[in-house]
$ cat data.cif   # mmCIF, C-alpha atoms
data_model
#
loop_
_atom_site.label_atom_id
_atom_site.label_comp_id
_atom_site.auth_asym_id
_atom_site.auth_seq_id
_atom_site.Cartn_x
_atom_site.Cartn_y
_atom_site.Cartn_z
CA MET A 226 10.29 6.22 -20.83
CA ARG A 227 12.86 3.65 -21.82
CA VAL A 228 12.79 0.20 -20.30
CA ASN A 229 15.36 -2.53 -20.58
CA ILE A 230 14.61 -5.99 -19.22
CA VAL A 231 17.21 -8.72 -19.10
CA ASN A 232 16.10 -12.20 -18.08
CA LYS A 233 18.94 -13.68 -16.07
CA ASN A 234 17.95 -17.22 -15.11
CA GLY A 235 14.45 -16.29 -14.00
CA GLN A 236 15.40 -12.92 -12.57
CA ALA A 237 14.29 -9.92 -14.55
CA ASN A 238 16.83 -7.12 -14.29
CA ILE A 239 14.69 -4.09 -15.03
CA ARG A 240 16.25 -0.75 -15.86
CA VAL A 241 13.99 2.25 -16.31
CA LEU A 242 15.00 5.64 -17.67
CA ILE A 243 12.40 8.41 -17.71
CA LYS A 244 12.69 11.80 -19.35
CA HIS A 245 11.48 14.19 -16.69
CA PRO A 246 12.68 17.59 -15.36
CA MET A 247 12.29 16.62 -11.65
CA GLU A 248 11.87 20.29 -10.79
CA THR A 249 12.05 20.89 -7.03
CA GLY A 250 9.84 23.99 -6.87
CA LEU A 251 12.71 25.86 -5.19
CA ARG A 252 14.68 26.95 -8.26
CA LYS A 253 14.17 30.21 -10.10
CA ASP A 254 14.10 30.67 -13.83
CA LYS A 255 17.28 32.63 -14.52
CA ALA A 256 15.69 34.65 -17.34
CA THR A 257 12.44 35.70 -15.65
CA GLY A 258 13.33 35.41 -11.97
CA LYS A 259 10.13 33.48 -11.37
CA VAL A 260 10.10 30.35 -9.25
CA LEU A 261 9.77 27.26 -11.39
CA PRO A 262 6.80 25.19 -10.18
CA ALA A 263 7.52 21.81 -8.64
CA ASN A 264 7.29 19.08 -11.23
CA TYR A 265 8.61 15.70 -10.17
CA ILE A 266 7.78 12.03 -10.29
CA GLN A 267 6.22 10.81 -7.07
CA SER A 268 5.47 7.21 -7.80
CA LEU A 269 6.92 4.37 -9.86
CA LYS A 270 5.28 0.96 -9.99
CA ILE A 271 6.32 -2.32 -11.50
CA GLU A 272 3.78 -5.09 -11.98
CA HIS A 273 4.65 -8.66 -12.83
CA LYS A 274 1.71 -10.58 -14.35
CA GLY A 275 -0.70 -8.10 -12.78
CA GLN A 276 0.87 -8.31 -9.30
CA LEU A 277 2.47 -5.21 -7.89
CA VAL A 278 6.06 -6.15 -7.04
CA VAL A 279 7.82 -2.78 -6.76
CA ASN A 280 6.13 0.27 -5.33
CA ALA A 281 8.60 3.13 -5.29
CA LYS A 282 8.04 6.70 -4.12
CA CYS A 283 10.28 9.59 -5.05
CA GLY A 284 10.88 13.02 -3.61
CA VAL A 285 12.41 16.04 -5.28
CA ALA A 286 15.92 14.74 -4.54
CA VAL A 287 15.76 12.12 -7.27
CA SER A 288 17.86 13.37 -10.18
CA LYS A 289 16.54 14.86 -13.40
CA ASP A 290 15.76 12.21 -16.03
CA PRO A 291 15.50 9.55 -13.33
CA PHE A 292 17.02 6.12 -13.61
CA PHE A 293 15.86 3.09 -11.63
CA TYR A 294 17.13 -0.45 -11.49
CA PHE A 295 15.30 -3.34 -9.82
CA LYS A 296 15.76 -7.09 -9.90
CA VAL A 297 12.48 -8.96 -9.96
CA GLY A 298 12.74 -12.69 -9.35
CA GLY A 299 10.46 -15.59 -10.18
CA VAL A 300 9.92 -14.62 -13.81
CA ALA A 301 9.77 -16.70 -16.96
CA ALA A 302 10.10 -15.80 -20.61
CA GLY A 303 6.87 -14.31 -21.93
CA ASP A 304 5.75 -12.88 -18.58
CA ALA A 305 4.11 -9.48 -18.72
CA ILE A 306 5.84 -6.60 -16.94
CA LYS A 307 4.01 -3.31 -16.59
CA ILE A 308 5.83 -0.17 -15.55
CA SER A 309 4.10 3.08 -14.73
CA TRP A 310 4.92 6.42 -13.16
CA LEU A 311 2.93 9.36 -11.87
CA ASP A 312 4.16 12.88 -11.16
CA ASN A 313 2.90 15.58 -8.79
CA GLN A 314 1.07 17.32 -11.63
CA GLY A 315 -0.93 14.21 -12.41
CA LYS A 316 1.00 13.29 -15.52
CA THR A 317 1.45 9.59 -16.02
CA GLU A 318 3.02 7.10 -18.40
CA THR A 319 2.65 3.34 -18.64
CA LYS A 320 4.65 0.80 -20.57
CA ASP A 321 3.86 -2.85 -21.12
CA GLU A 322 6.83 -5.11 -21.68
CA THR A 323 7.41 -8.81 -22.02
CA VAL A 324 10.25 -10.75 -20.43
CA GLY A 325 12.53 -12.05 -23.16
CA MET B 215 11.23 15.39 21.41
CA ASN B 216 9.80 14.64 24.85
CA PHE B 217 9.11 11.18 26.15
CA ASP B 218 5.33 11.22 25.66
CA VAL B 219 5.49 12.17 22.03
CA LYS B 220 8.12 9.54 21.42
CA ARG B 221 5.93 6.94 23.07
CA ARG B 222 3.00 7.93 20.85
CA LEU B 223 5.17 7.55 17.78
CA MET B 224 6.37 4.17 18.96
CA LEU B 225 2.80 2.94 19.43
CA LYS B 226 1.77 4.29 16.09
CA GLY B 227 4.84 2.76 14.54
CA SER B 228 4.22 -0.69 15.92
CA MET B 229 0.69 -0.64 14.55
CA VAL B 230 1.84 0.31 11.10
CA ALA B 231 4.56 -2.33 11.25
CA GLY B 232 1.94 -4.87 12.28
CA MET B 233 -0.23 -4.15 9.29
CA ALA B 234 2.73 -4.28 6.95
CA THR B 235 3.68 -7.68 8.36
CA VAL B 236 0.24 -9.07 7.59
CA ALA B 237 0.47 -7.86 4.01
CA ALA B 238 4.02 -9.16 3.73
CA ALA B 239 2.94 -12.54 5.06
CA ALA B 240 0.62 -12.82 2.08
CA GLY B 241 3.75 -12.29 -0.01
CA LEU B 242 2.13 -9.51 -1.96
CA LEU B 243 2.04 -5.80 -2.04
CA SER B 244 -1.56 -4.81 -2.10
CA PRO B 245 -2.57 -1.50 -3.59
CA THR B 246 -4.99 -0.64 -0.84
CA SER B 247 -3.13 -1.37 2.39
CA VAL B 248 0.62 -0.93 2.18
CA LEU B 249 0.48 1.28 -0.83
CA ALA B 250 -1.36 4.28 0.38
CA ALA B 251 -0.92 7.64 -1.28
CA TRP B 252 2.41 9.37 -1.71
CA PRO B 253 3.76 9.91 1.84
CA LYS B 254 3.89 13.70 1.72
CA ALA B 255 4.73 14.21 5.39
CA ALA B 256 7.77 11.93 5.14
CA PHE B 257 9.07 13.62 2.01
CA ASP B 258 8.47 17.08 3.51
CA ALA B 259 10.18 16.21 6.80
CA LYS B 260 13.21 18.38 7.49
CA SER B 261 15.12 15.90 9.63
CA ILE B 262 16.13 12.29 9.21
CA ASP B 263 14.42 11.30 12.46
CA SER B 264 11.05 12.74 11.49
CA ALA B 265 11.28 11.44 7.92
CA MET B 266 11.99 7.93 9.16
CA SER B 267 9.41 7.89 11.91
CA THR B 268 6.75 9.19 9.51
CA LEU B 269 7.65 6.75 6.77
CA LEU B 270 8.64 3.64 8.70
CA GLY B 271 7.01 4.17 12.07
CA SER B 272 10.26 4.56 13.97
CA SER B 273 13.53 6.40 13.63
CA ALA B 274 15.41 3.86 15.75
CA ALA B 275 17.53 2.09 13.16
CA THR B 276 20.15 -0.53 13.94
CA ASN B 277 23.43 0.06 12.20
CA SER B 278 24.04 -2.92 9.99
CA GLY B 279 27.15 -4.14 8.27
CA ASP B 280 24.93 -6.28 6.05
CA ILE B 281 23.74 -3.27 4.07
CA LYS B 282 25.93 -2.34 1.15
CA ILE B 283 25.87 1.21 -0.15
CA LYS B 284 27.57 1.85 -3.41
CA ALA B 285 28.10 5.53 -4.14
CA PRO B 286 31.08 7.58 -5.26
CA SER B 287 33.36 9.00 -2.52
CA ILE B 288 33.66 12.18 -4.52
CA ALA B 289 30.89 13.39 -6.80
CA GLU B 290 31.85 16.01 -9.32
CA ASN B 291 28.21 16.82 -9.93
CA GLY B 292 25.90 16.70 -6.94
CA ALA B 293 22.87 16.77 -9.22
CA VAL B 294 23.47 13.21 -10.40
CA VAL B 295 24.86 10.80 -7.84
CA ASN B 296 24.49 7.09 -8.48
CA VAL B 297 23.43 5.19 -5.40
CA VAL B 298 22.98 1.44 -4.98
CA VAL B 299 21.58 0.02 -1.77
CA SER B 300 21.56 -3.74 -1.39
CA THR B 301 21.44 -6.11 1.53
CA LYS B 302 21.63 -9.76 2.54
CA ILE B 303 19.14 -9.24 5.38
CA PRO B 304 16.16 -11.61 4.87
CA ASP B 305 12.47 -10.58 4.59
CA VAL B 306 13.11 -7.11 3.23
CA GLU B 307 9.95 -5.02 2.99
CA SER B 308 11.34 -1.73 1.84
CA ILE B 309 14.55 0.10 1.00
CA SER B 310 14.87 3.86 1.37
CA ILE B 311 17.54 6.38 0.50
CA LEU B 312 18.06 9.53 2.54
CA VAL B 313 20.54 12.37 2.06
CA GLU B 314 21.48 13.84 5.44
CA LYS B 315 22.30 17.40 4.40
CA ASN B 316 19.45 17.95 1.95
CA GLY B 317 16.67 20.28 3.11
CA THR B 318 14.29 17.35 2.99
CA PRO B 319 16.44 14.24 3.54
CA LEU B 320 14.13 11.54 2.18
CA ALA B 321 14.89 11.03 -1.49
CA PHE B 322 13.53 7.65 -2.45
CA THR B 323 11.76 4.67 -0.97
CA ALA B 324 10.61 1.41 -2.52
CA ASP B 325 8.35 -1.31 -1.17
CA LEU B 326 9.55 -4.62 -2.57
CA ALA B 327 7.57 -7.84 -2.90
CA LYS B 328 9.20 -11.06 -1.71
CA THR B 329 10.18 -12.05 -5.23
CA VAL B 330 12.20 -8.87 -5.67
CA ASP B 331 15.90 -8.86 -4.86
CA ALA B 332 16.88 -6.61 -1.92
CA PHE B 333 18.51 -4.19 -4.29
CA VAL B 334 17.72 -0.71 -5.60
CA LYS B 335 19.69 1.59 -7.82
CA THR B 336 18.83 5.17 -8.67
CA ARG B 337 20.36 8.63 -8.99
CA VAL B 338 19.86 11.34 -6.41
CA LYS B 339 20.71 15.02 -5.91
CA LEU B 340 23.05 16.15 -3.16
CA GLY B 341 22.97 19.84 -2.23
CA LYS B 342 26.41 19.54 -0.65
CA THR B 343 28.80 17.01 0.82
CA SER B 344 26.65 14.65 2.86
CA LYS B 345 26.09 11.23 4.26
CA VAL B 346 23.93 9.08 2.02
CA ILE B 347 21.89 6.78 4.23
CA GLY B 348 20.42 3.48 3.14
CA VAL B 349 17.55 2.31 5.31
CA VAL B 350 16.23 -1.23 5.10
CA LYS B 351 13.02 -2.37 6.71
CA ALA B 352 13.04 -6.13 7.16
CA GLY B 353 10.89 -8.36 9.34
CA GLY B 354 9.42 -5.29 11.03
CA LYS B 355 12.87 -4.04 12.08
CA ILE B 356 14.77 -1.08 10.73
CA PHE B 357 18.44 -1.22 9.74
CA SER B 358 20.66 1.44 8.26
CA ALA B 359 24.10 2.14 6.90
CA ASN B 360 25.66 5.21 5.41
CA LYS B 361 28.39 6.50 3.21
CA VAL B 362 29.80 10.01 2.92
CA VAL B 363 29.76 11.47 -0.57
CA LYS B 364 31.86 14.57 -1.11
CA VAL B 365 30.32 17.00 -3.55
CA THR B 366 32.54 19.42 -5.39
CA VAL B 367 29.72 21.18 -7.31
CA GLY B 368 26.29 21.67 -5.72
CA GLY B 369 23.31 19.77 -7.07
CA CYS B 370 20.51 22.03 -5.92
CA GLY B 371 19.69 25.59 -6.90
CA GLY B 372 21.38 25.30 -10.29
#

$ encode --input "data.cif" --output "structure tokens"
Amino acid sequence: MRVNIVNKNGQANIRVLIKHPMETGLRKDKATGKVLPANYIQSLKIEHKGQLVVNAKCGVAVSKDPFFYFKVGGVAAGDAIKISWLDNQGKTETKDETVG
Amino acid sequence: MNFDVKRRLMLKGSMVAGMATVAAAAGLLSPTSVLAAWPKAAFDAKSIDSAMSTLLGSSAATNSGDIKIKAPSIAENGAVVNVVVSTKIPDVESISILVEKNGTPLAFTADLAKTVDAFVKTRVKLGKTSKVIGVVKAGGKIFSANKVVKVTVGGCGG
């Protein structure tokens, strides 16, 4: 997961890019003909100083290697930003960042 | 949908909206109330109406000129379509993105705390040429706007 945070006068512009196949569970593997199991991110959360500020939910229609952009206000330099995602197979990743 | 079922949904919807308002009044998103588990029924819904009523409590959205949807008019690759939904409507609780012609229209939804700008940007898949619908829930009311994106290569089914 790659995170970019730009502090624009107290507003954190947060861009998140996650490497993930976002498999719908409807496609077939061309080589084997078997249906590829669904594997997609369901939840993305952003916490600012321990408070949940963005709670996003995704379906299979979010593109492969998903990109998200949110603008979180009321931040100051040094504030902690925590970003985490969870997919339908239970895989999860968390990143702790600091506002610059 | 017959009248009785609709009425049930409306009642259910107003209750959910009521609870969300209480949480919103506190200015916070709390992990236990608003943020229940992943809304499977809404994401599995095959129509826009059922996706919206499951997710937001009602499918009755007011068309709003105050919602801005930024998406390409023509997408060469339906698998990656940039979509920005932003609005000037005050007290935004959530922003959702639906793709009308996808098998399951609901693509993305985000609950936003009061400190967060009423803005989301992400990339979605479009199976074919379709309306992309931005739905904003604000002050317990539901607003929507849409934009047609023409797809020249399908995004689903590789």

$ residues_near_point --input "data.cif" --point "(22.3, -9.6, 8.8)" --cutoff "9 Å" --atoms "only C-alpha atoms" --output "list in words"
Ser278, Gly279, Asp280, Ile281, Thr301, Lys302, Ile303 and Pro304 of chain B

$ write_last_selection --input "data.cif" --atoms "C-alpha atoms" --output "compact mmCIF listing (two decimals), in the frame of the given file"
# COMPACT_ATOMS: atom_id res chain seq x y z
CA SER B 278 24.04 -2.92 9.99
CA GLY B 279 27.15 -4.14 8.27
CA ASP B 280 24.93 -6.28 6.05
CA ILE B 281 23.74 -3.27 4.07
CA THR B 301 21.44 -6.11 1.53
CA LYS B 302 21.63 -9.76 2.54
CA ILE B 303 19.14 -9.24 5.38
CA PRO B 304 16.16 -11.61 4.87

$ closest_residue --input "data.cif" --among "B:Ala321, B:Asn316, B:Thr329, B:Ser344" --to "A:Met247" --atoms "all atoms listed in the file"
B:Ala321

$ closest_atom_pairs --input "data.cif" --of "chain B" --to "chain A" --cutoff "6 Å" --atoms "only C-alpha atoms" --output "Markdown table"
| residue | atom | partner | partner_atom | distance |
| --- | --- | --- | --- | --- |
| B:Leu243 | CA | A:Leu277 | CA | 5.9 |
| B:Phe257 | CA | A:Gly284 | CA | 5.9 |
| B:Val294 | CA | A:Ser288 | CA | 5.6 |
| B:Ala321 | CA | A:Ala286 | CA | 4.9 |
| B:Phe322 | CA | A:Cys283 | CA | 4.6 |
| B:Thr323 | CA | A:Lys282 | CA | 5.3 |
| B:Ala324 | CA | A:Ala281 | CA | 3.8 |
| B:Asp325 | CA | A:Asn280 | CA | 5.0 |
| B:Leu326 | CA | A:Val279 | CA | 4.9 |
| B:Ala327 | CA | A:Val278 | CA | 4.7 |
| B:Thr329 | CA | A:Gly298 | CA | 4.9 |
| B:Val330 | CA | A:Val297 | CA | 4.3 |
| B:Asp331 | CA | A:Lys296 | CA | 5.3 |
| B:Val334 | CA | A:Phe295 | CA | 5.5 |
| B:Lys335 | CA | A:Tyr294 | CA | 4.9 |
| B:Thr336 | CA | A:Phe293 | CA | 4.7 |
| B:Arg337 | CA | A:Ser288 | CA | 5.5 |
| B:Val338 | CA | A:Val287 | CA | 4.3 |
| B:Lys339 | CA | A:Ala286 | CA | 5.0 |
| B:Gly371 | CA | A:Arg252 | CA | 5.4 |

$ atom_distance --input "data.cif" --atom1 "atom CA of A:Pro246" --atom2 "atom CA of A:Ser309"
16.9 Å

$ closest_residue --input "data.cif" --among "B:Val299, B:Ala275, B:Leu340, B:Ala256" --to "B:Phe357" --atoms "only C-alpha atoms"
B:Ala275

$ atom_distance --input "data.cif" --atom1 "atom CA of B:Val365" --atom2 "atom CA of B:Val298"
17.3 Å

$ residues_near_point --input "data.cif" --point "(1.9, 12.2, -19.7)" --cutoff "12 Å" --atoms "only C-alpha atoms" --output "list in words"
Met226, Ile243, Lys244, His245, Ile266, Ser309, Trp310, Leu311, Asp312, Asn313, Gln314, Gly315, Lys316, Thr317, Glu318, Thr319 and Lys320 of chain A

$ atom_distance --input "data.cif" --atom1 "atom CA of B:Ser261" --atom2 "atom CA of B:Val350"
17.8 Å
